[in-house]
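*Asks:* Here it is, the structure in full.
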Amino acid sequence: MNKKNSVFAARTLIALAVASAFPLHGAYAAEGTDAADQAASSSADSSTKGQLETVIVTAQRRAENIKDVPMSIATLKGDKLDVLTSGAADIRFLAGRSPSVNVESDYGRTFPRFYIRGLGNTDFDLNASQPVGLVMDDIVQENAMLKGFPVFDVDQVEVLRGPQGTLFGRNSPAGVIKFDSAKPVFKQEGYLTLGIGNYSAKTAEGAFNIPVSDTVALRFSGTTQHRDNRVHNTNPNPNTGTKDFEGYGDNAFRLQALVQPSKDFSALFNYHERAYHGSATLFRANIIKKGTNDLVDGFDYGSYPSDGVNYQRLSTKGGNIRLKYNLDDITLHSITGYETLKFNSRADVDGGFGASYAPPYGPGFIPFAVETADLLPNHKQFSQELRAESNYKGPLQWIGGLFFFNENIQIDSISFNTFAPGNPQNPQYAQQFQDAKSWAAFGSLNYTVSDQFKLRGGVRYTSDKKEFKAMRVEPPKIAGPFNIDNTSHNLSWDLSGTYELDKSTNLFGRVATGYRAPSMQGRLNGLGDKPSFAGAEKALSFEAGIKQDLFEKRARLSASVFQYTVKDKQLTAGSGGINMNQLINADKVTGQGVEVDFQANLGSGFSATLGGSYNDTEIKDKNLFVQYCGNLGNTAPNPYGCTPTNAAGPFAGTSKIDGNPLPRAPKTQLNFTLKYSTEIGNGELYAYTDWTYRSSYNFFLYEAPEYKAKTLVEGGARVGYKWSKYEVAAFARNITDKRVIIGAIDFDNLTGMLNEPRTVGATFKVNF
């Protein structure tokens with residue numbers, strides 16, 4: 001088969017697939033769309049109605065058409081981003097909205113944990129590192145507490161899958177999620193959105209952009225989100241514990257100033273703050289039916305019997321300065337960032353009231369009382385990047401730069417005497433201190449071999465130094481301080497290429513390495529405990545794919561296949577009968593899979609997106625085993641604990657995990673959106689629905705039916721009307737109100753956490 005016939009066959013198969021997926025409208029995909037679709041089109045080379053707008057990304061630190069970038073990328077912006085964040089959804093709305101992406105949290109809105117292609121970190125310690133980098137306005141957000149900043153006035157979200165070890169920050173062997181805020185412009189504009197919802201939810205979001213002069217523009221944006229409590233304490237003893245839960249207030253703002261005295265120089269200043277207060281995640285004891293992953297009979301979401309105190313407070317402040325100077329053939333960049341935060345989270349971790357030795361107790365069997373708090377009283381992060389890039393014409397283009405990072409943290413872990421009046425703090429506590437410094441030199445080359453073939457290569461040398469100490473105080477005794485000082489070095493590289501099969505189709509291939517610095521943890525629970533340490537992990541990844549415009553640019557397809565190996569993979573194991581984690585290294589972890597992104601203007605006012613991924617991960621270490629089920633077993637006469645299914649480890653209460661998939665890593669994910677819009681009167685009526693599916697996954701490194709998430713389908717909808725400068729809309733999230741267990745506590749008694757229930761509401765927006 002010659003090249004021309006191959007291209008024709010490929011397009012024919014894709015057309016048939018599209019027609020099968022959208023039988024009512026696939027036949028009309030080549031027809032013109034309505035006025036709303038035409039307005040959305042920004043194609044510069046054609047006046048044909050209904051073409052998809054060109055997507056520009058900065059995955060390679062340059063503004064480029066997404067089709068020309070040789071890696072697996074997805075974006076979220078515009079209407080889709082507005083719909084997914086309806087009802088003040090926190091950053092976990094990204095879960096499943098892009099192929100191979102999952103987001104979850106044991107701390108609710110303040111501690112998101114990201115996964116790409118199955119690679120993530122289940123560690124709940126405040127010093128936990130993650131293999132997915134999060135970059136906000138060109139600043140890497142290292143600590144997990146910085147990664148949950150509310151999403152508002154955001155221009156675009158980019159998901160860069162696979163190792164990003166050469167151009168972006170540090171510690172990103174799984175990929176990078178990149179947020180770019182809307183920047184100041186030299187015209188007066190703005191918007192204000194007001195919202196209400198069930199559980200007395202009230203939200204406001206807005207932005208105001210004003211040009212101060214011909215060379216200075218300001219943009220202020222902010223959000224305030226509030227929800228009343230929706231869960232009540234049904235503990236029969238009315239004098240103990242917090243009474244109501246799951247309400248919150250979340251306020252954040254961003255102030256930016258753009259100074260542009262000439263076309264060759266610009267300075268962008270950014271200052272931002274967040275203040276959050278609300279409930280910590282509810283750990284619900286004995287809600288899992290033994291031997292299954294079902295909720296127990298008679299479960300009531302609105303009740304939570306507890307004798308502990310529950311609250312969560314987070315404040316963050318940060319700023320950055322981004323300077324850009326264009327010389328004749330070179331552009332210079334300086335990016336300086338500073339972040340600081342304070343955090344305090346307290347919860348009744350045992351998930352119930354009383355204990356077996358302090359009756360009455362419930363719900364079910366409560367083996368012990370655990371009420372703890374984790375605090376970050378001191379945190380500072382500073383980063384500096386200096387970068388130069390070529391901007392002349394020619395086949396060879398380059399980028400080179402230096403990066404410096406410094407983070408100082410203090411973590412306090414304290415506990416409380418639940419059964420004493422007022423739940424006073426116990427005198428015992430643990431502390432961790434860490435000073436992390438990193439510097440790197442990086443560079444990349446782009447070379448146009450021919451009009452059809454382009455090569456890219458990058459390299460980054462990184463040096464990481466961590467000074468860590470942990471101590472345990474049990475007056476009059478003190479254990480520690482225990483010191484761990486470590487310096488590691490790494491050379492990461494990538495090589496990729498793009499081949500233009502024709503004007504509509506690009507093929508790409510990429511091989512890349514990634515690296516995560518060693519991790520330390522010292523959440524000591526007793527005088528005999530010692531800090532744990534996991535050495536650096538290194539990833540090697542291969543991927544290949546196709547990016548194609550279809551039906552005269554009315555549709556777009558991106559598909560990729562990948563395979564990776566991570567050596568010395570850092571994992572987190574539960575430590576049995578106490579509320580701690582243990583860092584370990586597995587010999588290696590492998591993963592392979594496929595990702596597909598498709599979007600189309602279908603005609604007759606319809607547009608749609610469809611995405612999917614398959615991720616097959618496996619832990620490979622025949623000598624690795626972990627404790628299971630809190631190591632509690634099934635002691636009569638009160639049966640409790642889970643039922644592990646892995647082969648037994650060398651010690652009682654342990655399981656081998658060789659061959660298991662990575663935790664919180666669903667094999668299959670699907671997402672789908674469909675929008676309809678039409679002109680009515682002097683405005684536009686639209687209806688939008690979005691759905692996600694994810695398959696089951698393990699909560700922990702070992703397998704047990706109680707700790708295996710059910711498959712989950714969640715949907716949302718938004719119906720609205722736009723006219724002149726105004727918009728009104730009604731929305732619903734998790735419209736089927738499906739309730740499933742999405743996480744668990746590994747040391748307690750079948751204690752689980754649930755997904756968000758259905759939320760409904762309405763919004764009013766005015767543009768000015």
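Numbering starts fresh at 1 for the residues of each chain in the structure tokens, the chains themselves are lettered A, B, ... in the order given, and ligands are numbered from 1 as they appear.
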Against segment 403-416 of chain A, which residues of segment 286-382 of chain A fall within 7 Å? For each one I want the closest pair of atoms and the distance in Å (one decimal), counting only C-alpha atoms, rows by chain and increasing residue number, as a Markdown table.
*Replies:*
```
| residue | atom | partner | partner_atom | distance |
| --- | --- | --- | --- | --- |
| A:Glu371 | CA | A:Phe416 | CA | 5.6 |
| A:Thr372 | CA | A:Ser415 | CA | 4.2 |
| A:Ala373 | CA | A:Ile414 | CA | 5.4 |
| A:Asp374 | CA | A:Ser413 | CA | 4.7 |
| A:Leu375 | CA | A:Asp412 | CA | 5.1 |
| A:Leu376 | CA | A:Ile411 | CA | 4.8 |
| A:Pro377 | CA | A:Gln410 | CA | 6.4 |
| A:Asn378 | CA | A:Gln410 | CA | 5.2 |
| A:His379 | CA | A:Ile409 | CA | 4.5 |
| A:Lys380 | CA | A:Asn408 | CA | 5.3 |
| A:Gln381 | CA | A:Glu407 | CA | 4.4 |
| A:Phe382 | CA | A:Asn406 | CA | 5.2 |
```
*Asks:* Applying 7 Å and only C-alpha atoms, which residues near Asn326 of chain A remain after dropping the ones on its own chain fewer than 5 positions away? List them as a PDB file with N, CA and C atoms, in the first residue's frame.
*Replies:*
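Result written to result12.pdb:
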```
ATOM      1  N   ASP A 264      10.323  45.427  23.343  1.00  0.00           N
ATOM      2  CA  ASP A 264      11.422  44.503  23.631  1.00  0.00           C
ATOM      3  C   ASP A 264      11.514  44.087  25.094  1.00  0.00           C
ATOM      4  N   PHE A 265      10.796  44.784  25.980  1.00  0.00           N
ATOM      5  CA  PHE A 265      10.925  44.465  27.404  1.00  0.00           C
ATOM      6  C   PHE A 265       9.552  44.456  28.058  1.00  0.00           C
ATOM      7  N   THR A 331      16.055  35.937  23.225  1.00  0.00           N
ATOM      8  CA  THR A 331      15.121  36.416  24.243  1.00  0.00           C
ATOM      9  C   THR A 331      15.592  35.916  25.604  1.00  0.00           C
ATOM     10  N   LEU A 332      15.694  36.831  26.557  1.00  0.00           N
ATOM     11  CA  LEU A 332      16.135  36.502  27.909  1.00  0.00           C
ATOM     12  C   LEU A 332      14.941  36.508  28.859  1.00  0.00           C
TER      13      LEU A 332
END
```
*Asks:* Can you tell me, as a ChimeraX atom specification, which residues in segment 343-424 of chain A count as strand (DSSP E) by DSSP?
*Replies:* /A:343-348,353-355,358-362,371-390,396-416
*Asks:* What separation in Å, quoted to one decimal, exists between atom CA of Ala573 of chain A and atom CA of Asn646 of chain A?
*Replies:*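 Computing it gives 15.0 Å between the two atoms.
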*Asks:* So how many Å separate atom CA of Phe508 of chain A and atom CA of Leu557 of chain A, to one decimal?
*Replies:*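 Answer for the atom CA of Phe508 of chain A to atom CA of Leu557 of chain A separation: 13.3 Å.
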*Asks:* What does the structure give for the distance between atom CA of Asp690 of chain A and atom CA of Trp723 of chain A, in Å to one decimal?
*Replies:*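 Rounded to one decimal, the two atoms are 23.5 Å apart.
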*Asks:* Which residue gives the smallest distance to Ser345 of chain A among A:Tyr325, A:Phe124, A:Tyr461, A:Tyr499, with only C-alpha atoms counted?
*Replies:* A:Phe124
*Asks:* Can you pull out the residues contacting Lys675 of chain A? Cut-off 12 Å, using only C-alpha atoms, and skip same-chain residues under 4 positions away; I want them as a PyMOL selection string.
*Replies:* chain A and resi 36-37+79-80+83+599-609+685-690+716-720
*Asks:* As number ranges by chain, please: the residues near Asp106 of chain A (cut-off 12 Å, only C-alpha atoms, same-chain neighbours under 2 positions excluded).
*Replies:* A: 92, 103-104, 108-113, 121-126, 144, 280-283, 345, 347, 349, 699, 742-746, 752-755
*Asks:* Write the residues of the selection above to a file with C-alpha atoms, as a CSV table (one decimal), in the first residue's frame.
*Replies:*
```csv
chain,number,residue,atom,x,y,z
A,92,ARG,CA,-9.9,17.6,42.1
A,103,VAL,CA,-6.5,13.4,41.5
A,104,GLU,CA,-7.5,12.5,45.1
A,108,GLY,CA,-10.1,17.3,51.2
A,109,ARG,CA,-9.6,20.6,49.4
A,110,THR,CA,-6.2,21.4,50.8
A,111,PHE,CA,-3.9,18.4,49.9
A,112,PRO,CA,-4.5,17.2,46.3
A,113,ARG,CA,-2.4,14.2,45.1
A,121,ASN,CA,2.2,9.1,45.7
A,122,THR,CA,-0.4,8.1,48.3
A,123,ASP,CA,1.7,9.5,51.2
A,124,PHE,CA,-0.4,11.8,53.5
A,125,ASP,CA,2.7,13.2,55.3
A,126,LEU,CA,3.1,17.0,54.9
A,144,ALA,CA,1.2,19.6,48.3
A,280,ALA,CA,-11.0,18.1,57.7
A,281,THR,CA,-11.8,15.0,55.7
A,282,LEU,CA,-14.3,12.7,57.6
A,283,PHE,CA,-12.8,9.3,58.3
A,345,SER,CA,-5.6,20.2,60.3
A,347,ALA,CA,-9.4,15.2,62.9
A,349,VAL,CA,-8.9,9.6,62.8
A,699,PHE,CA,-6.3,2.0,47.8
A,742,ILE,CA,-12.8,6.4,47.3
A,743,GLY,CA,-10.2,6.0,50.0
A,744,ALA,CA,-9.5,4.4,53.4
A,745,ILE,CA,-7.3,4.5,56.5
A,746,ASP,CA,-4.8,1.6,56.6
A,752,GLY,CA,-13.3,4.9,54.5
A,753,MET,CA,-13.8,8.2,52.8
A,754,LEU,CA,-16.5,9.0,50.2
A,755,ASN,CA,-16.8,11.0,47.0
```
*Asks:* Counting only C-alpha atoms, figure out which residue out of A:Leu160, A:Leu255, A:Ala517, A:Ala201 gets nearest to Arg230 of chain A.
*Replies:*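 Among A:Leu160, A:Leu255, A:Ala517, A:Ala201, it is A:Ala201 that comes nearest to Arg230 of chain A.
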*Asks:* For Thr166 of chain A, list every protein, DNA or RNA residue within 6 Å, evaluated using only C-alpha atoms, and leave out those in the same chain fewer than 4 positions away; present the list as a short mmCIF file (atom, residue, chain, number, x, y, z; two decimals) with C-alpha atoms, in the first residue's frame.
*Replies:*
```
data_model
loop_
_atom_site.label_atom_id
_atom_site.label_comp_id
_atom_site.auth_asym_id
_atom_site.auth_seq_id
_atom_site.Cartn_x
_atom_site.Cartn_y
_atom_site.Cartn_z
CA GLY A 458 17.11 18.21 25.79
CA VAL A 459 19.36 17.62 28.77
CA ARG A 460 19.27 18.73 32.41
#
```
*Asks:* At a cut-off of 7 Å, using only C-alpha atoms, what residues contact segment 619-622 of chain A? Leave out same-chain residues fewer than 4 positions from it and give the result as a CSV table (one decimal) with C-alpha atoms, in the first residue's frame.
*Replies:*
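The resulting file, part.csv, is reproduced below:
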```
chain,number,residue,atom,x,y,z
A,586,ALA,CA,10.6,-1.0,44.9
A,587,ASP,CA,13.2,-2.5,42.5
A,588,LYS,CA,11.1,-1.2,39.6
A,589,VAL,CA,7.7,-0.4,38.4
A,590,THR,CA,6.5,-0.8,34.8
A,658,ASP,CA,5.1,-8.2,43.7
A,659,GLY,CA,2.9,-8.1,40.6
A,660,ASN,CA,0.3,-5.7,42.1
A,661,PRO,CA,-0.7,-2.6,40.2
A,662,LEU,CA,0.2,0.8,41.6
```
*Asks:* For Met520 of chain A, work out the shell of residues within 10 Å, counting only C-alpha atoms and skipping chain neighbours fewer than 2 positions away, then give it as a list in words.
*Replies:* Asn127, Ala128, Ser129, Gln432, Gln434, Lys466, Glu467, Phe468, Lys469, Ala470, Ile484, Asp485, Asn486, Ala517, Pro518, Gly522, Arg523, Pro531, Ser532, Phe533, Ala534, Gly535, Gln582 and Leu583 of chain A
*Asks:* Go through A:Asp748, A:Asp180, A:Glu756, A:Asp90 and flag the residue nearest Lys147 of chain A, using only C-alpha atoms for the distances.
*Replies:*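 Closest candidate: A:Asp90.
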*Asks:* May I ask which of the residues A:Glu703, A:Glu142, A:Glu339, A:Asp68 is the closest one to Gly545 of chain A, counting only C-alpha atoms?
*Replies:*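 For Gly545 of chain A, the nearest of the given residues is A:Asp68.
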